[in-house]
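Q: I'm passing along run30.pdb; it holds PDB, C-alpha atoms, pLDDT in the B column.
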```
MODEL        1
ATOM      1  CA  MET A 110       0.000   0.000   0.000  1.00 47.00           C
ATOM      2  CA  ASN A 111       2.906   2.330   0.741  1.00 52.00           C
ATOM      3  CA  ASN A 112       4.337   1.731  -2.718  1.00 69.00           C
ATOM      4  CA  LEU A 113       0.946   2.535  -4.241  1.00 71.00           C
ATOM      5  CA  PHE A 114       1.131   6.147  -3.078  1.00 74.00           C
ATOM      6  CA  GLN A 115       4.905   6.507  -2.796  1.00 78.00           C
ATOM      7  CA  PHE A 116       6.095   9.646  -4.540  1.00 82.00           C
ATOM      8  CA  GLY A 117       9.311   8.957  -6.401  1.00 83.00           C
ATOM      9  CA  GLU A 118      11.621   5.969  -6.495  1.00 84.00           C
ATOM     10  CA  THR A 119      14.315   4.876  -4.080  1.00 86.00           C
ATOM     11  CA  VAL A 120      17.523   4.293  -6.043  1.00 88.00           C
ATOM     12  CA  ASP A 121      20.781   3.142  -4.497  1.00 88.00           C
ATOM     13  CA  GLY A 122      23.366   5.895  -4.287  1.00 87.00           C
ATOM     14  CA  TYR A 123      20.903   8.779  -4.214  1.00 85.00           C
ATOM     15  CA  PRO A 124      20.170  10.581  -0.927  1.00 87.00           C
ATOM     16  CA  VAL A 125      16.525  11.383  -1.749  1.00 87.00           C
ATOM     17  CA  ARG A 126      13.734   9.796  -3.727  1.00 89.00           C
ATOM     18  CA  VAL A 127      14.033  10.486  -7.425  1.00 91.00           C
ATOM     19  CA  VAL A 128      12.078  10.609 -10.667  1.00 92.00           C
ATOM     20  CA  ASN A 129      13.317  10.130 -14.211  1.00 93.00           C
ATOM     21  CA  GLU A 130      13.803  13.561 -15.774  1.00 93.00           C
ATOM     22  CA  ARG A 131      13.559  12.117 -19.284  1.00 94.00           C
ATOM     23  CA  THR A 132      10.086  10.798 -18.502  1.00 94.00           C
ATOM     24  CA  VAL A 133       9.118  14.114 -16.913  1.00 93.00           C
ATOM     25  CA  ARG A 134      10.142  16.072 -20.006  1.00 94.00           C
ATOM     26  CA  ALA A 135       8.326  13.673 -22.312  1.00 95.00           C
ATOM     27  CA  ALA A 136       5.186  13.936 -20.174  1.00 95.00           C
ATOM     28  CA  ALA A 137       5.402  17.735 -20.202  1.00 94.00           C
ATOM     29  CA  GLY A 138       5.559  17.685 -23.999  1.00 94.00           C
ATOM     30  CA  LEU A 139       2.549  15.381 -24.217  1.00 95.00           C
ATOM     31  CA  LEU A 140       0.530  17.850 -22.151  1.00 95.00           C
ATOM     32  CA  PHE A 141       1.949  20.981 -23.761  1.00 95.00           C
ATOM     33  CA  PHE A 142       0.826  20.134 -27.289  1.00 95.00           C
ATOM     34  CA  PRO A 143      -2.927  19.740 -26.605  1.00 94.00           C
ATOM     35  CA  ALA A 144      -2.733  22.628 -24.151  1.00 93.00           C
ATOM     36  CA  VAL A 145      -1.406  25.090 -26.723  1.00 93.00           C
ATOM     37  CA  VAL A 146      -3.800  23.797 -29.412  1.00 93.00           C
ATOM     38  CA  SER A 147      -6.851  24.237 -27.168  1.00 91.00           C
ATOM     39  CA  PHE A 148      -5.611  27.623 -25.923  1.00 88.00           C
ATOM     40  CA  MET A 149      -5.089  28.997 -29.440  1.00 89.00           C
ATOM     41  CA  ASN A 150      -8.412  27.554 -30.550  1.00 87.00           C
ATOM     42  CA  ALA A 151     -10.140  29.446 -27.743  1.00 84.00           C
ATOM     43  CA  LEU A 152      -8.192  32.626 -28.463  1.00 82.00           C
ATOM     44  CA  LEU A 153      -8.781  32.667 -32.199  1.00 84.00           C
ATOM     45  CA  THR A 154     -12.229  31.134 -32.580  1.00 83.00           C
ATOM     46  CA  ALA A 155     -13.796  31.705 -29.139  1.00 80.00           C
ATOM     47  CA  ASN A 156     -14.537  27.951 -28.933  1.00 84.00           C
ATOM     48  CA  TYR A 157     -13.751  26.989 -25.341  1.00 86.00           C
ATOM     49  CA  GLN A 158     -14.986  23.411 -25.403  1.00 89.00           C
ATOM     50  CA  PRO A 159     -11.562  21.836 -26.170  1.00 90.00           C
ATOM     51  CA  THR A 160     -10.013  23.928 -23.396  1.00 90.00           C
ATOM     52  CA  ARG A 161     -12.645  22.835 -20.876  1.00 91.00           C
ATOM     53  CA  LEU A 162     -11.989  19.202 -21.781  1.00 94.00           C
ATOM     54  CA  PHE A 163      -8.228  19.665 -21.522  1.00 93.00           C
ATOM     55  CA  VAL A 164      -8.576  21.229 -18.062  1.00 93.00           C
ATOM     56  CA  ILE A 165     -10.321  18.070 -16.854  1.00 94.00           C
ATOM     57  CA  VAL A 166      -7.613  15.861 -18.407  1.00 95.00           C
ATOM     58  CA  PHE A 167      -4.850  18.052 -16.941  1.00 94.00           C
ATOM     59  CA  LEU A 168      -6.409  18.001 -13.482  1.00 94.00           C
ATOM     60  CA  ILE A 169      -6.763  14.212 -13.462  1.00 94.00           C
ATOM     61  CA  ASP A 170      -3.165  13.793 -14.611  1.00 94.00           C
ATOM     62  CA  MET A 171      -1.784  16.204 -12.005  1.00 94.00           C
ATOM     63  CA  THR A 172      -3.817  14.639  -9.199  1.00 93.00           C
ATOM     64  CA  LEU A 173      -2.439  11.209 -10.029  1.00 93.00           C
ATOM     65  CA  ARG A 174       1.069  12.652 -10.234  1.00 91.00           C
ATOM     66  CA  MET A 175       0.776  14.038  -6.734  1.00 91.00           C
ATOM     67  CA  LEU A 176      -0.244  10.602  -5.425  1.00 90.00           C
ATOM     68  CA  ASN A 177       2.354   8.670  -7.401  1.00 89.00           C
ATOM     69  CA  PRO A 178       3.890   9.790 -10.739  1.00 91.00           C
ATOM     70  CA  ARG A 179       3.930   6.233 -12.080  1.00 89.00           C
ATOM     71  CA  TRP A 180       0.106   6.232 -12.311  1.00 90.00           C
ATOM     72  CA  ALA A 181      -0.248   9.527 -14.242  1.00 93.00           C
ATOM     73  CA  PRO A 182      -1.268   8.868 -17.885  1.00 94.00           C
ATOM     74  CA  SER A 183       1.229  11.368 -19.311  1.00 94.00           C
ATOM     75  CA  MET A 184       4.050   9.810 -17.270  1.00 94.00           C
ATOM     76  CA  ILE A 185       3.058   6.304 -18.375  1.00 95.00           C
ATOM     77  CA  VAL A 186       3.067   7.235 -22.074  1.00 96.00           C
ATOM     78  CA  GLY A 187       6.122   9.481 -21.733  1.00 95.00           C
ATOM     79  CA  GLY A 188       8.030   6.749 -19.929  1.00 94.00           C
ATOM     80  CA  TRP A 189       7.180   4.266 -22.672  1.00 96.00           C
ATOM     81  CA  ILE A 190       8.409   6.687 -25.358  1.00 95.00           C
ATOM     82  CA  VAL A 191      11.804   7.192 -23.667  1.00 94.00           C
ATOM     83  CA  ARG A 192      12.099   3.625 -22.354  1.00 93.00           C
ATOM     84  CA  HIS A 193      15.301   2.978 -24.320  1.00 94.00           C
ATOM     85  CA  GLN A 194      17.055   6.090 -22.965  1.00 93.00           C
ATOM     86  CA  THR A 195      19.316   6.017 -19.921  1.00 92.00           C
ATOM     87  CA  PRO A 196      17.369   7.393 -16.927  1.00 92.00           C
ATOM     88  CA  GLU A 197      18.401  10.791 -15.569  1.00 91.00           C
ATOM     89  CA  TRP A 198      17.472  10.723 -11.904  1.00 92.00           C
ATOM     90  CA  VAL A 199      16.499  14.031 -10.312  1.00 89.00           C
ATOM     91  CA  GLY A 200      15.143  14.877  -6.879  1.00 89.00           C
ATOM     92  CA  ALA A 201      11.461  14.074  -6.373  1.00 89.00           C
ATOM     93  CA  PRO A 202      10.660  16.603  -3.580  1.00 89.00           C
ATOM     94  CA  GLN A 203      11.062  19.693  -5.766  1.00 90.00           C
ATOM     95  CA  LYS A 204       9.121  18.045  -8.579  1.00 91.00           C
ATOM     96  CA  ARG A 205       6.224  17.358  -6.245  1.00 91.00           C
ATOM     97  CA  PHE A 206       6.243  21.006  -5.172  1.00 91.00           C
ATOM     98  CA  ALA A 207       6.243  22.167  -8.811  1.00 91.00           C
ATOM     99  CA  TRP A 208       3.438  19.800  -9.769  1.00 92.00           C
ATOM    100  CA  GLY A 209       1.502  21.027  -6.755  1.00 92.00           C
ATOM    101  CA  LEU A 210       1.575  24.489  -8.302  1.00 91.00           C
ATOM    102  CA  GLY A 211       0.282  22.992 -11.544  1.00 91.00           C
ATOM    103  CA  LEU A 212      -2.503  21.262  -9.613  1.00 93.00           C
ATOM    104  CA  LEU A 213      -3.556  24.578  -8.044  1.00 93.00           C
ATOM    105  CA  LEU A 214      -3.679  26.226 -11.480  1.00 92.00           C
ATOM    106  CA  GLY A 215      -5.764  23.301 -12.749  1.00 92.00           C
ATOM    107  CA  ILE A 216      -8.212  23.647  -9.851  1.00 93.00           C
ATOM    108  CA  ALA A 217      -8.549  27.373 -10.574  1.00 91.00           C
ATOM    109  CA  MET A 218      -9.370  26.638 -14.225  1.00 91.00           C
ATOM    110  CA  LEU A 219     -11.819  23.923 -13.189  1.00 91.00           C
ATOM    111  CA  TYR A 220     -13.698  26.399 -11.018  1.00 91.00           C
ATOM    112  CA  LEU A 221     -13.583  29.289 -13.470  1.00 88.00           C
ATOM    113  CA  MET A 222     -14.056  27.696 -16.875  1.00 87.00           C
ATOM    114  CA  VAL A 223     -15.331  24.145 -16.500  1.00 88.00           C
ATOM    115  CA  LEU A 224     -17.874  24.579 -13.698  1.00 90.00           C
ATOM    116  CA  ASN A 225     -18.835  28.267 -13.882  1.00 86.00           C
ATOM    117  CA  ARG A 226     -18.167  28.824 -17.607  1.00 84.00           C
ATOM    118  CA  PHE A 227     -16.376  32.070 -16.808  1.00 82.00           C
ATOM    119  CA  MET A 228     -14.394  33.443 -19.754  1.00 79.00           C
ATOM    120  CA  GLY A 229     -12.066  36.382 -19.322  1.00 78.00           C
ATOM    121  CA  PRO A 230      -8.502  37.685 -18.971  1.00 82.00           C
ATOM    122  CA  VAL A 231      -7.987  35.707 -15.748  1.00 85.00           C
ATOM    123  CA  ASN A 232      -8.380  32.471 -17.703  1.00 83.00           C
ATOM    124  CA  MET A 233      -5.795  33.594 -20.225  1.00 83.00           C
ATOM    125  CA  LEU A 234      -3.352  34.480 -17.458  1.00 88.00           C
ATOM    126  CA  VAL A 235      -3.730  31.074 -15.800  1.00 88.00           C
ATOM    127  CA  CYS A 236      -3.482  29.242 -19.141  1.00 87.00           C
ATOM    128  CA  ALA A 237      -0.425  31.249 -20.146  1.00 88.00           C
ATOM    129  CA  SER A 238       1.220  30.383 -16.814  1.00 89.00           C
ATOM    130  CA  CYS A 239       0.595  26.655 -17.350  1.00 90.00           C
ATOM    131  CA  LEU A 240       1.884  26.826 -20.920  1.00 91.00           C
ATOM    132  CA  THR A 241       5.022  28.649 -19.790  1.00 92.00           C
ATOM    133  CA  LEU A 242       5.763  26.076 -17.086  1.00 91.00           C
ATOM    134  CA  MET A 243       5.261  23.138 -19.448  1.00 92.00           C
ATOM    135  CA  PHE A 244       7.209  24.761 -22.297  1.00 93.00           C
ATOM    136  CA  PHE A 245      10.287  25.443 -20.163  1.00 92.00           C
ATOM    137  CA  GLU A 246      10.151  21.893 -18.824  1.00 91.00           C
ATOM    138  CA  THR A 247       9.848  20.116 -22.160  1.00 91.00           C
ATOM    139  CA  ALA A 248      11.996  22.456 -24.281  1.00 90.00           C
ATOM    140  CA  PHE A 249      14.860  23.360 -21.944  1.00 89.00           C
ATOM    141  CA  GLY A 250      14.593  20.915 -19.048  1.00 87.00           C
ATOM    142  CA  ILE A 251      14.107  23.901 -16.727  1.00 87.00           C
ATOM    143  CA  CYS A 252      11.602  23.386 -13.928  1.00 87.00           C
ATOM    144  CA  LEU A 253      10.459  26.889 -13.007  1.00 87.00           C
ATOM    145  CA  GLY A 254       8.307  25.582 -10.187  1.00 85.00           C
ATOM    146  CA  CYS A 255      11.311  23.751  -8.758  1.00 84.00           C
ATOM    147  CA  LYS A 256      13.158  27.067  -8.483  1.00 83.00           C
ATOM    148  CA  LEU A 257      10.510  28.239  -6.025  1.00 85.00           C
ATOM    149  CA  TYR A 258      11.080  25.126  -3.923  1.00 84.00           C
ATOM    150  CA  ASN A 259      14.163  26.621  -2.275  1.00 81.00           C
ATOM    151  CA  VAL A 260      12.218  29.766  -1.379  1.00 82.00           C
ATOM    152  CA  PHE A 261       9.592  27.916   0.667  1.00 82.00           C
ATOM    153  CA  ASN A 262      11.621  24.994   2.032  1.00 81.00           C
ATOM    154  CA  ARG A 263      14.502  24.895   4.473  1.00 79.00           C
ATOM    155  CA  GLU A 264      16.022  21.842   2.846  1.00 79.00           C
ATOM    156  CA  LYS A 265      17.447  22.901  -0.487  1.00 80.00           C
ATOM    157  CA  ALA A 266      16.660  20.966  -3.646  1.00 78.00           C
ATOM    158  CA  GLN A 267      19.056  18.174  -4.580  1.00 80.00           C
ATOM    159  CA  LEU A 268      19.795  16.374  -7.825  1.00 77.00           C
ATOM    160  CA  CYS A 269      18.427  19.029 -10.174  1.00 79.00           C
ATOM    161  CA  PRO A 270      18.511  18.513 -13.983  1.00 79.00           C
ATOM    162  CA  GLY A 271      21.873  19.425 -15.417  1.00 76.00           C
ATOM    163  CA  GLY A 272      23.387  19.688 -11.947  1.00 75.00           C
ATOM    164  CA  VAL A 273      22.190  23.270 -11.494  1.00 76.00           C
ATOM    165  CA  CYS A 274      21.579  22.713  -7.767  1.00 72.00           C
ATOM    166  CA  GLU A 275      25.299  22.285  -7.294  1.00 68.00           C
ATOM    167  CA  VAL A 276      27.776  25.085  -7.966  1.00 57.00           C
ATOM    168  CA  PRO A 277      28.287  24.893 -11.749  1.00 57.00           C
ATOM    169  CA  ALA A 278      31.549  25.525 -13.545  1.00 50.00           C
ATOM    170  CA  ARG A 279      30.788  28.900 -15.075  1.00 55.00           C
ATOM    171  CA  ARG A 280      32.411  30.211 -18.192  1.00 55.00           C
ATOM    172  CA  PRO A 281      33.570  33.810 -18.133  1.00 58.00           C
ATOM    173  CA  GLY A 282      31.212  36.307 -19.744  1.00 62.00           C
ATOM    174  CA  TRP A 283      27.717  35.484 -20.946  1.00 68.00           C
ATOM    175  CA  GLY A 284      28.488  31.992 -22.211  1.00 74.00           C
ATOM    176  CA  ILE A 285      28.133  33.089 -25.864  1.00 80.00           C
ATOM    177  CA  ALA A 286      31.186  33.573 -28.063  1.00 83.00           C
ATOM    178  CA  LEU A 287      31.539  36.793 -30.053  1.00 86.00           C
ATOM    179  CA  PRO A 288      31.054  35.066 -33.447  1.00 88.00           C
ATOM    180  CA  GLN A 289      27.864  33.478 -32.103  1.00 88.00           C
ATOM    181  CA  ALA A 290      26.605  36.874 -30.961  1.00 89.00           C
ATOM    182  CA  ALA A 291      27.343  38.235 -34.438  1.00 92.00           C
ATOM    183  CA  VAL A 292      25.283  35.431 -36.002  1.00 94.00           C
ATOM    184  CA  LEU A 293      22.354  36.327 -33.739  1.00 93.00           C
ATOM    185  CA  VAL A 294      22.590  39.993 -34.733  1.00 94.00           C
ATOM    186  CA  LEU A 295      22.668  39.071 -38.429  1.00 95.00           C
ATOM    187  CA  PHE A 296      19.710  36.748 -37.936  1.00 94.00           C
ATOM    188  CA  VAL A 297      17.651  39.506 -36.313  1.00 95.00           C
ATOM    189  CA  GLY A 298      18.602  41.855 -39.163  1.00 94.00           C
ATOM    190  CA  ALA A 299      17.561  39.297 -41.793  1.00 96.00           C
ATOM    191  CA  LEU A 300      14.298  38.713 -39.952  1.00 94.00           C
ATOM    192  CA  THR A 301      13.605  42.455 -39.912  1.00 93.00           C
ATOM    193  CA  LEU A 302      14.218  42.715 -43.651  1.00 93.00           C
ATOM    194  CA  ALA A 303      12.062  39.658 -44.326  1.00 94.00           C
ATOM    195  CA  LYS A 304       9.194  41.131 -42.310  1.00 89.00           C
ATOM    196  CA  GLY A 305       9.418  44.378 -44.263  1.00 89.00           C
ATOM    197  CA  TRP A 306       9.275  42.500 -47.553  1.00 88.00           C
ATOM    198  CA  VAL A 307       6.326  40.366 -46.431  1.00 88.00           C
ATOM    199  CA  ASP A 308       4.434  43.494 -45.339  1.00 85.00           C
ATOM    200  CA  GLU A 309       5.127  45.229 -48.644  1.00 85.00           C
ATOM    201  CA  THR A 310       3.913  42.314 -50.765  1.00 82.00           C
ATOM    202  CA  GLY A 311       0.587  42.294 -48.903  1.00 74.00           C
ATOM    203  CA  PRO A 312      -1.492  39.427 -47.531  1.00 70.00           C
ATOM    204  CA  LEU A 313      -2.267  36.304 -49.515  1.00 63.00           C
ATOM    205  CA  GLY A 314      -5.751  35.874 -50.927  1.00 54.00           C
ATOM    206  CA  GLY A 315      -7.645  33.217 -49.016  1.00 50.00           C
ATOM    207  CA  PHE A 316     -10.386  30.933 -50.220  1.00 44.00           C
ATOM    208  CA  ASP A 317     -12.819  33.814 -49.849  1.00 45.00           C
ATOM    209  CA  ASP A 318     -10.913  35.658 -52.575  1.00 45.00           C
ATOM    210  CA  MET A 319     -12.757  35.067 -55.896  1.00 43.00           C
ATOM    211  CA  ALA A 320      -9.709  35.870 -58.002  1.00 46.00           C
ATOM    212  CA  THR A 321      -7.615  33.388 -56.051  1.00 47.00           C
ATOM    213  CA  LEU A 322     -10.213  30.673 -56.545  1.00 43.00           C
ATOM    214  CA  GLU A 323     -10.265  31.300 -60.284  1.00 47.00           C
ATOM    215  CA  ASP A 324      -6.488  31.271 -60.463  1.00 50.00           C
ATOM    216  CA  MET A 325      -6.520  27.878 -58.738  1.00 48.00           C
ATOM    217  CA  GLY A 326      -9.125  26.554 -61.135  1.00 50.00           C
ATOM    218  CA  LEU A 327     -11.729  26.219 -58.400  1.00 47.00           C
ATOM    219  CA  LYS A 328     -15.288  27.442 -58.278  1.00 48.00           C
ATOM    220  CA  PRO A 329     -16.793  28.938 -55.154  1.00 46.00           C
ATOM    221  CA  VAL A 330     -19.504  26.837 -53.564  1.00 47.00           C
ATOM    222  CA  ALA A 331     -22.660  28.764 -52.846  1.00 48.00           C
ATOM    223  CA  GLY A 332     -23.624  28.400 -49.200  1.00 50.00           C
ATOM    224  CA  ALA A 333     -27.043  28.310 -47.681  1.00 48.00           C
ATOM    225  CA  PRO A 334     -28.695  31.676 -47.108  1.00 53.00           C
ATOM    226  CA  THR A 335     -27.777  33.171 -43.758  1.00 60.00           C
ATOM    227  CA  ASP A 336     -30.443  34.121 -41.238  1.00 71.00           C
ATOM    228  CA  PRO A 337     -29.704  37.773 -40.307  1.00 77.00           C
ATOM    229  CA  LYS A 338     -30.895  37.245 -36.740  1.00 77.00           C
ATOM    230  CA  ALA A 339     -28.774  34.128 -36.260  1.00 77.00           C
ATOM    231  CA  GLU A 340     -25.794  35.865 -37.845  1.00 77.00           C
ATOM    232  CA  ALA A 341     -26.197  38.829 -35.501  1.00 79.00           C
ATOM    233  CA  GLU A 342     -26.251  36.504 -32.504  1.00 78.00           C
ATOM    234  CA  ARG A 343     -23.199  34.614 -33.769  1.00 78.00           C
ATOM    235  CA  CYS A 344     -21.239  37.826 -34.187  1.00 83.00           C
ATOM    236  CA  GLN A 345     -21.891  39.164 -30.717  1.00 83.00           C
ATOM    237  CA  VAL A 346     -18.441  39.863 -29.307  1.00 83.00           C
ATOM    238  CA  PRO A 347     -17.911  38.070 -25.953  1.00 80.00           C
ATOM    239  CA  ALA A 348     -17.169  40.138 -22.883  1.00 77.00           C
ATOM    240  CA  PHE A 349     -13.615  38.850 -22.500  1.00 74.00           C
ATOM    241  CA  ALA A 350     -12.666  40.048 -26.010  1.00 76.00           C
ATOM    242  CA  LYS A 351     -13.994  43.518 -25.212  1.00 77.00           C
ATOM    243  CA  ALA A 352     -12.182  43.535 -21.868  1.00 72.00           C
ATOM    244  CA  ILE A 353      -8.786  42.953 -23.482  1.00 72.00           C
ATOM    245  CA  GLY A 354      -9.371  45.173 -26.533  1.00 70.00           C
ATOM    246  CA  HIS A 355      -9.630  42.128 -28.809  1.00 72.00           C
ATOM    247  CA  GLU A 356     -13.011  43.040 -30.298  1.00 80.00           C
ATOM    248  CA  ALA A 357     -11.920  43.874 -33.857  1.00 80.00           C
ATOM    249  CA  THR A 358      -9.597  40.881 -34.044  1.00 77.00           C
ATOM    250  CA  TRP A 359     -12.305  38.557 -32.738  1.00 74.00           C
ATOM    251  CA  LYS A 360     -14.682  39.760 -35.459  1.00 78.00           C
ATOM    252  CA  GLN A 361     -12.021  39.249 -38.099  1.00 75.00           C
ATOM    253  CA  HIS A 362     -11.235  35.710 -36.949  1.00 69.00           C
ATOM    254  CA  ASN A 363     -14.924  34.798 -36.852  1.00 73.00           C
ATOM    255  CA  GLY A 364     -15.819  36.340 -40.221  1.00 73.00           C
ATOM    256  CA  CYS A 365     -17.952  39.115 -38.772  1.00 79.00           C
ATOM    257  CA  SER A 366     -18.111  42.613 -40.176  1.00 70.00           C
TER     258      SER A 366
ENDMDL
END
```
Let's see the structure in the file written out as structure tokens.
A:
Amino acid sequence: MNNLFQFGETVDGYPVRVVNERTVRAAAGLLFFPAVVSFMNALLTANYQPTRLFVIVFLIDMTLRMLNPRWAPSMIVGGWIVRHQTPEWVGAPQKRFAWGLGLLLGIAMLYLMVLNRFMGPVNMLVCASCLTLMFFETAFGICLGCKLYNVFNREKAQLCPGGVCEVPARRPGWGIALPQAAVLVLFVGALTLAKGWVDETGPLGGFDDMATLEDMGLKPVAGAPTDPKAEAERCQVPAFAKAIGHEATWKQHNGCS
């Protein structure tokens, strides 16, 4: 029974219980992808149903992680994906603290969006926080929540990814060689020029552009007549879009004049 709810694994040679960082990063990526898809879908189309579903999935996964990471669906699938990689053991206590923060954010979204159907800037702030935490974990192996562990706990975190808990051997300067910095400057300059050229050439004609359809050899399909009353109701800008000054963009994304 103790093993059922034991957080982390006991591995010989390690002073604290540990989790496999490779599995953690894989699990973060598995959650990050549907999270960003549902978030952008809500932002661009005002369809919050995928986000509400993802919040439920996220909350279940985080709850199981807090009990025992080995039972969380994302950790199970992530562990299977990286099963042939050498484990990288990191301290479990700071991970549990970080996932606890994720659980609190999930509970907030459950209350606001799933149960009370509240849509507004607060939701975006919470979602953006979750996305940021998951992105840093899966892309860079940086656990932002773990960094707060040392602030609220007397015992400092041990066995952090990349050995950052220990005193690292620092290179002098910023860690970027001068030629590398020059490449970055040139890249930014090329990006600026490319943006200027793209802006000058104008936007591409979409499938609503009759000339573009003719050029492609396609014929526009006549749709069913639109009910003016239903169209007016569909194009009512939600309160959250007005609150953040997103009204015109929302109308554009939803095909409303």
Q: Write out as an MDAnalysis selection string which residues come within 12 Å of range 255-272 of chain A when counting all atoms listed in the file, dropping same-chain ones fewer than 4 positions away.
A: chainID A and resid 122:131 133:134 196:211 242 245:246 249:251 276:278
Q: For the structure shown, which residues end up in the PyMOL selection byres ((chain A and resi 226-231) around 9)? Put them as a list in words, please?
A: Tyr157, Arg161, Tyr220, Leu221, Met222, Val223, Leu224, Asn225, Asn232, Met233, Leu234, Val235, Cys236, Pro347, Ala348, Phe349, Ala350, Ala352 and Ile353 of chain A
Q: I need the chosen residues saved as a short mmCIF file (atom, residue, chain, number, x, y, z; two decimals), in the coordinates of the input, with C-alpha atoms.
A:
```
data_model
loop_
_atom_site.label_atom_id
_atom_site.label_comp_id
_atom_site.auth_asym_id
_atom_site.auth_seq_id
_atom_site.Cartn_x
_atom_site.Cartn_y
_atom_site.Cartn_z
CA TYR A 157 -13.75 26.99 -25.34
CA ARG A 161 -12.64 22.84 -20.88
CA TYR A 220 -13.70 26.40 -11.02
CA LEU A 221 -13.58 29.29 -13.47
CA MET A 222 -14.06 27.70 -16.88
CA VAL A 223 -15.33 24.14 -16.50
CA LEU A 224 -17.87 24.58 -13.70
CA ASN A 225 -18.84 28.27 -13.88
CA ASN A 232 -8.38 32.47 -17.70
CA MET A 233 -5.80 33.59 -20.23
CA LEU A 234 -3.35 34.48 -17.46
CA VAL A 235 -3.73 31.07 -15.80
CA CYS A 236 -3.48 29.24 -19.14
CA PRO A 347 -17.91 38.07 -25.95
CA ALA A 348 -17.17 40.14 -22.88
CA PHE A 349 -13.62 38.85 -22.50
CA ALA A 350 -12.67 40.05 -26.01
CA ALA A 352 -12.18 43.54 -21.87
CA ILE A 353 -8.79 42.95 -23.48
#
```
Q: Applied to the shown file, which residues does the PyMOL selection byres ((chain A and resi 113) around 12) return, written as a PyMOL selection string?
A: chain A and resi 110-112+114-118+173-180
Q: What is the CA of Ser183 in chain A-CA of Ala136 in chain A distance in Å, reported with one decimal?
A: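 Result for CA of Ser183 in chain A versus CA of Ala136 in chain A: 4.8 Å, one decimal.
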Q: May I have the residues within 12 Å of Leu153 in chain A as a list in words, using only C-alpha atoms and disregarding those fewer than 6 positions away in the same chain?
A: Val145, Val146, Ser147, Ala350, His355, Glu356, Ala357, Thr358, Trp359, Lys360, Gln361, His362, Asn363 and Gly364 of chain A
Q: Using all atoms listed in the file, which of the listed residues (A:Leu162, A:Leu139, A:Cys239, A:Met149) sits closest to Ala181 in chain A?
A: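 Looking only at the distances to Ala181 in chain A, the closest residue turns out to be A:Leu139.
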Q: Can you tell me how far CA of Leu168 in chain A sits from CA of Ser238 in chain A, in Å to one decimal?
A: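 It comes out at 14.9 Å.
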Q: Provide the CA of Phe244 in chain A to CA of Gly138 in chain A distance in Å, to one decimal place.
A: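 CA of Gly138 in chain A lies 7.5 Å from CA of Phe244 in chain A.
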Q: Rank A:Ala248, A:Val164, A:Val294, A:Ala341 by their smallest atom-to-atom distance to Ala137 in chain A, using all atoms listed in the file, and report the top residue only.
A: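 Once distances to Ala137 in chain A are computed over all atoms listed in the file, the minimum belongs to A:Ala248.
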Q: Pick the closest to Met171 in chain A from A:Leu214, A:Thr132, A:Thr154, A:Phe141: which is it, counting only C-alpha atoms?
A: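 The closest residue to Met171 in chain A is A:Leu214.
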Q: Place N, CA, C and O atoms on range 346-354 of chain A and deliver the coordinates as a PDB file, keeping the file's coordinate frame.
A:
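Okay, this is what ended up in out14.pdb:
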```pdb
ATOM      1  N   VAL A 346     -19.791  39.980 -29.862  1.00 83.00           N
ATOM      2  CA  VAL A 346     -18.441  39.863 -29.307  1.00 83.00           C
ATOM      3  C   VAL A 346     -18.543  39.513 -27.824  1.00 83.00           C
ATOM      4  O   VAL A 346     -19.250  40.188 -27.074  1.00 83.00           O
ATOM      5  N   PRO A 347     -17.853  38.443 -27.373  1.00 80.00           N
ATOM      6  CA  PRO A 347     -17.911  38.070 -25.953  1.00 80.00           C
ATOM      7  C   PRO A 347     -17.257  39.128 -25.072  1.00 80.00           C
ATOM      8  O   PRO A 347     -16.417  39.915 -25.528  1.00 80.00           O
ATOM      9  N   ALA A 348     -17.640  39.113 -23.820  1.00 77.00           N
ATOM     10  CA  ALA A 348     -17.169  40.138 -22.883  1.00 77.00           C
ATOM     11  C   ALA A 348     -15.657  40.119 -22.716  1.00 77.00           C
ATOM     12  O   ALA A 348     -15.026  41.165 -22.592  1.00 77.00           O
ATOM     13  N   PHE A 349     -15.060  38.905 -22.719  1.00 74.00           N
ATOM     14  CA  PHE A 349     -13.615  38.850 -22.500  1.00 74.00           C
ATOM     15  C   PHE A 349     -12.848  39.550 -23.618  1.00 74.00           C
ATOM     16  O   PHE A 349     -11.823  40.183 -23.386  1.00 74.00           O
ATOM     17  N   ALA A 350     -13.350  39.411 -24.880  1.00 76.00           N
ATOM     18  CA  ALA A 350     -12.666  40.048 -26.010  1.00 76.00           C
ATOM     19  C   ALA A 350     -12.742  41.570 -25.890  1.00 76.00           C
ATOM     20  O   ALA A 350     -11.783  42.276 -26.221  1.00 76.00           O
ATOM     21  N   LYS A 351     -13.878  42.079 -25.424  1.00 77.00           N
ATOM     22  CA  LYS A 351     -13.994  43.518 -25.212  1.00 77.00           C
ATOM     23  C   LYS A 351     -13.078  43.978 -24.082  1.00 77.00           C
ATOM     24  O   LYS A 351     -12.470  45.049 -24.164  1.00 77.00           O
ATOM     25  N   ALA A 352     -12.975  43.147 -23.036  1.00 72.00           N
ATOM     26  CA  ALA A 352     -12.182  43.535 -21.868  1.00 72.00           C
ATOM     27  C   ALA A 352     -10.705  43.686 -22.199  1.00 72.00           C
ATOM     28  O   ALA A 352     -10.010  44.506 -21.599  1.00 72.00           O
ATOM     29  N   ILE A 353     -10.219  42.894 -23.150  1.00 72.00           N
ATOM     30  CA  ILE A 353      -8.786  42.953 -23.482  1.00 72.00           C
ATOM     31  C   ILE A 353      -8.533  43.714 -24.783  1.00 72.00           C
ATOM     32  O   ILE A 353      -7.431  43.665 -25.324  1.00 72.00           O
ATOM     33  N   GLY A 354      -9.556  44.416 -25.297  1.00 70.00           N
ATOM     34  CA  GLY A 354      -9.371  45.173 -26.533  1.00 70.00           C
ATOM     35  C   GLY A 354      -9.200  44.312 -27.751  1.00 70.00           C
ATOM     36  O   GLY A 354      -8.536  44.710 -28.711  1.00 70.00           O
TER      37      GLY A 354
END
```
